[in-house]
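Participant: I have a structure here, written as structure tokens, and I will follow up with some questions on it.
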Amino acid sequence: AQRVTQPEKLLSVFKGAPVELKCNYSYSGSPELFWYVQYSRQRLQLLLRHISRESIKGFTADLNKGETSFHLKKPFAQEEDSAMYYCALRGSGNTGKLIFGQGTTLQVKP
Amino acid sequence: DGGITQSPKYLFRKEGQNVTLSCEQNLNHDAMYWYRQDPGQGLRLIYYSQIVNDFQKGDIAEGYSVSREKKESFPLTVTSAQKNPTAFYLCASTGAGGGSYNEQFFGPGTRLTVL
């Protein structure tokens with residue numbers, strides 16, 4: 001079965017602390033993984049995708065096929081990082097469907 | 001603010017009524033999707049369409065219906081058969097039929113409340 005799991009509903013850190021939002025997936029084949037972010041009163045938007053191996057707003061995520069994980073990391077959290085974060089897996093077939101995790105709310109305290 | 005628009009922003013429905021949520025996009029995207037967002041459950045796919053006049057059920061299609069008569073529009077009807085319709089509904093679209101590497105763009109959402 002294709003599944004995405006984000007074990008933490010809420011992650012609360014202080015400004016300047018490192019952040020790691022966990023994401024594990026279940027998928028047979030080569031996965032295509034994404035992190036989406038939803039800031040307060042804004043629409044859901046793509047943060048980064050594993051295929052690009054990019055760093056966006058200081059965030060990075062590495063695909064670990066052995067551990068079936070795609071954790072999102074940032075070395076120094078900022079208050080403006082506070083948002084809801086969703087890990088997503090593109091399903092099999094050429095449909096573009098995304099399978100989302102349950103989401104993690106990141107709260108960065110001053 | 002073009003891209004994908006959804007209306008209305010808030011919708012109230014009495015039990016037993018059908019309601020239709022609008023989703024329009026001016027991105028010339030082929031594929032469109034409807035998700036339902038509930039706290040603690042993430043986003044779940046209701047229906048999707050890769051091309052005009054064709055659509056498929058997602059994971060939670062029961063109690064919902066869609067149409068895709070125009071490329072730009074993908075309305076969602078929440079019928080009285082949907083047992084728990086109160087939720088936040090998100091529409092999304094992507095280019096090239098949803099193929100690999102295409103980003104999904106999301107609308108601002110409609111919050112439906114059943115009274």
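Residue numbers start at 1 in each chain; chains themselves are named A, B, ... in the order of the structure tokens; ligands are numbered from 1 in the order shown.
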Pick out the residues sitting within 9 Å of Gly107 in chain B, and hand them over as a list in words; count only C-alpha atoms, and ignore anything fewer than 4 positions along from it in its own chain.

Facilitator: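 Near neighbours after the sequence-gap exclusion: Arg43 and Leu44 of chain A; Gly3, Ile4, Thr5, Gln6, Cys23, Glu24, Gln25, Leu90, Cys91, Ala92 and Ser93 of chain B.
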
Participant: Residues as selected, N, CA and C atoms, written as a short mmCIF file (atom, residue, chain, number, x, y, z; two decimals), in the first residue's frame, can you do that?

Facilitator:
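Just written: out-v4.cif:
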```cif
data_model
loop_
_atom_site.label_atom_id
_atom_site.label_comp_id
_atom_site.auth_asym_id
_atom_site.auth_seq_id
_atom_site.Cartn_x
_atom_site.Cartn_y
_atom_site.Cartn_z
N ARG A 43 -2.55 29.86 0.90
CA ARG A 43 -2.87 28.58 0.32
C ARG A 43 -1.70 27.61 0.40
N LEU A 44 -2.01 26.36 0.30
CA LEU A 44 -1.00 25.31 0.31
C LEU A 44 -0.06 25.50 -0.89
N GLY B 3 -4.46 32.15 -11.29
CA GLY B 3 -4.14 30.78 -10.94
C GLY B 3 -5.41 30.00 -10.72
N ILE B 4 -5.62 29.58 -9.51
CA ILE B 4 -6.80 28.77 -9.19
C ILE B 4 -7.68 29.54 -8.23
N THR B 5 -8.96 29.63 -8.56
CA THR B 5 -9.90 30.29 -7.67
C THR B 5 -10.97 29.31 -7.24
N GLN B 6 -11.39 29.45 -6.01
CA GLN B 6 -12.47 28.64 -5.47
C GLN B 6 -13.53 29.56 -4.88
N CYS B 23 -14.53 25.54 -8.74
CA CYS B 23 -13.08 25.60 -8.90
C CYS B 23 -12.77 25.97 -10.34
N GLU B 24 -12.05 27.05 -10.51
CA GLU B 24 -11.68 27.53 -11.84
C GLU B 24 -10.17 27.78 -11.87
N GLN B 25 -9.55 27.46 -13.03
CA GLN B 25 -8.13 27.74 -13.17
C GLN B 25 -7.85 28.35 -14.55
N LEU B 90 -10.17 21.60 -0.85
CA LEU B 90 -9.12 22.20 -1.65
C LEU B 90 -9.15 21.66 -3.07
N CYS B 91 -9.04 22.56 -4.02
CA CYS B 91 -8.94 22.20 -5.42
C CYS B 91 -7.50 22.43 -5.87
N ALA B 92 -7.00 21.61 -6.75
CA ALA B 92 -5.63 21.76 -7.24
C ALA B 92 -5.58 21.44 -8.72
N SER B 93 -4.52 21.88 -9.36
CA SER B 93 -4.35 21.55 -10.77
C SER B 93 -2.87 21.38 -11.07
#
```

Participant: Could you please write out, as number ranges by chain, every residue of chain A that DSSP assigns to helix (DSSP H, G or I)?

Facilitator: A: 50-52, 79-81

Participant: Using the selection just defined, write its residues with N, CA and C atoms as a short mmCIF file (atom, residue, chain, number, x, y, z; two decimals), in the first residue's frame.

Facilitator:
```
data_model
loop_
_atom_site.label_atom_id
_atom_site.label_comp_id
_atom_site.auth_asym_id
_atom_site.auth_seq_id
_atom_site.Cartn_x
_atom_site.Cartn_y
_atom_site.Cartn_z
N HIS A 50 12.05 16.16 -3.84
CA HIS A 50 13.32 15.45 -3.67
C HIS A 50 14.11 15.42 -4.95
N ILE A 51 13.44 15.42 -6.08
CA ILE A 51 14.12 15.28 -7.36
C ILE A 51 15.03 16.47 -7.63
N SER A 52 14.70 17.62 -7.04
CA SER A 52 15.46 18.84 -7.32
C SER A 52 16.68 18.97 -6.43
N GLU A 79 10.92 32.45 13.23
CA GLU A 79 9.50 32.54 13.59
C GLU A 79 8.60 32.43 12.37
N GLU A 80 9.07 32.94 11.23
CA GLU A 80 8.24 32.90 10.02
C GLU A 80 8.12 31.50 9.42
N ASP A 81 8.83 30.55 10.00
CA ASP A 81 8.70 29.15 9.57
C ASP A 81 7.46 28.48 10.17
#
```

Participant: Taking only C-alpha atoms into account, name the residue in B:Asn26, B:Gln104, B:Ser65, B:Thr77 that is nearest to chain A.

Facilitator: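 That would be B:Gln104, the residue with the smallest distance to chain A.
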
Participant: So that I can check the surroundings of Val19 in chain B, please list as a list in words every protein, DNA and RNA residue that reaches within 9 Å of it, counting only C-alpha atoms and ignoring chain neighbours fewer than 6 positions away.

Facilitator: Leu11, Phe12, Arg13, Leu76, Thr77, Val78, Thr79 and Ser80 of chain B

Participant: Between CA of Leu33 in chain A and CA of Gln107 in chain A, what is the distance in Å, rounded to a tenth?

Facilitator: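 Here the two named atoms are 23.2 Å from each other.
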
Participant: Smallest atom-to-atom distance to Gly101 in chain A: which of A:Glu32, A:Val19, A:Ser12, A:Asn24, using only C-alpha atoms?

Facilitator: A:Asn24

Participant: Which residues are near Arg111 in chain B? Cut-off 9 Å, only C-alpha atoms, ignore same chain within fewer than 6 positions. Put them as a list in words.

Facilitator: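 What passes the distance filter is Pro8, Lys9, Tyr10, Leu11, Phe12, Thr86, Ala87, Phe88, Tyr89 and Leu90 of chain B.
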
Participant: If you keep C-alpha atoms, can you produce a file of those selected residues as a compact mmCIF listing (two decimals), in the first residue's frame?

Facilitator:
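And here is the file that came out, again-v9.txt:
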```
# COMPACT_ATOMS: atom_id res chain seq x y z
CA PRO B 8 -17.44 30.55 -2.14
CA LYS B 9 -14.89 30.94 0.66
CA TYR B 10 -17.46 29.85 3.25
CA LEU B 11 -20.55 27.76 2.64
CA PHE B 12 -23.28 26.68 4.98
CA THR B 86 -18.21 19.55 7.22
CA ALA B 87 -14.61 20.12 6.15
CA PHE B 88 -12.19 22.32 4.25
CA TYR B 89 -12.14 21.54 0.53
CA LEU B 90 -9.12 22.20 -1.65
```

Participant: For a test of reading the model, state the distance in Å between CA of Leu43 in chain B and CA of Ala88 in chain A, rounded to one decimal.

Facilitator: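 Distance between the two atoms: 9.5 Å.
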
Participant: Using only C-alpha atoms, can you tell me which of A:Phe59, A:Phe76, A:Phe70, A:Tyr39 comes closest to chain B?

Facilitator: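 Using only C-alpha atoms, chain B sits closest to A:Tyr39.
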
Participant: Using DSSP secondary structure from the backbone, list all strand (DSSP E) positions within range 37-90 of chain A, as a list in words.

Facilitator: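 Strand (DSSP E) assignments inside range 37-90 of chain A correspond to Val37, Gln38, Gln45, Leu46, Leu47, Leu48, Arg49, Thr60, Ala61, Leu72, Lys73, Lys74, Ala83, Met84, Tyr85, Tyr86, Cys87, Ala88, Leu89 and Arg90 of chain A.
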
Participant: Using only C-alpha atoms, determine which residues of chain A fall within 12 Å of chain B; present them as JSON, numbers by chain.

Facilitator: {"A": [2, 3, 4, 5, 6, 7, 8, 9, 10, 30, 31, 32, 33, 34, 35, 36, 37, 38, 39, 40, 41, 42, 43, 44, 45, 46, 47, 48, 49, 50, 51, 52, 84, 85, 86, 87, 88, 89, 90, 91, 92, 93, 94, 95, 96, 97, 98, 99, 100, 101, 102, 103, 104, 105]}

Participant: To one decimal place in Å, what is the distance between CA of Asp62 in chain A and CA of Ala77 in chain A?

Facilitator: 18.0 Å

Participant: Using only C-alpha atoms, find the one residue out of B:Lys71, B:Leu115, B:Thr110, B:Asn53 that sits nearest to Leu21 in chain B.

Facilitator: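 For Leu21 in chain B, the nearest of the given residues is B:Thr110.
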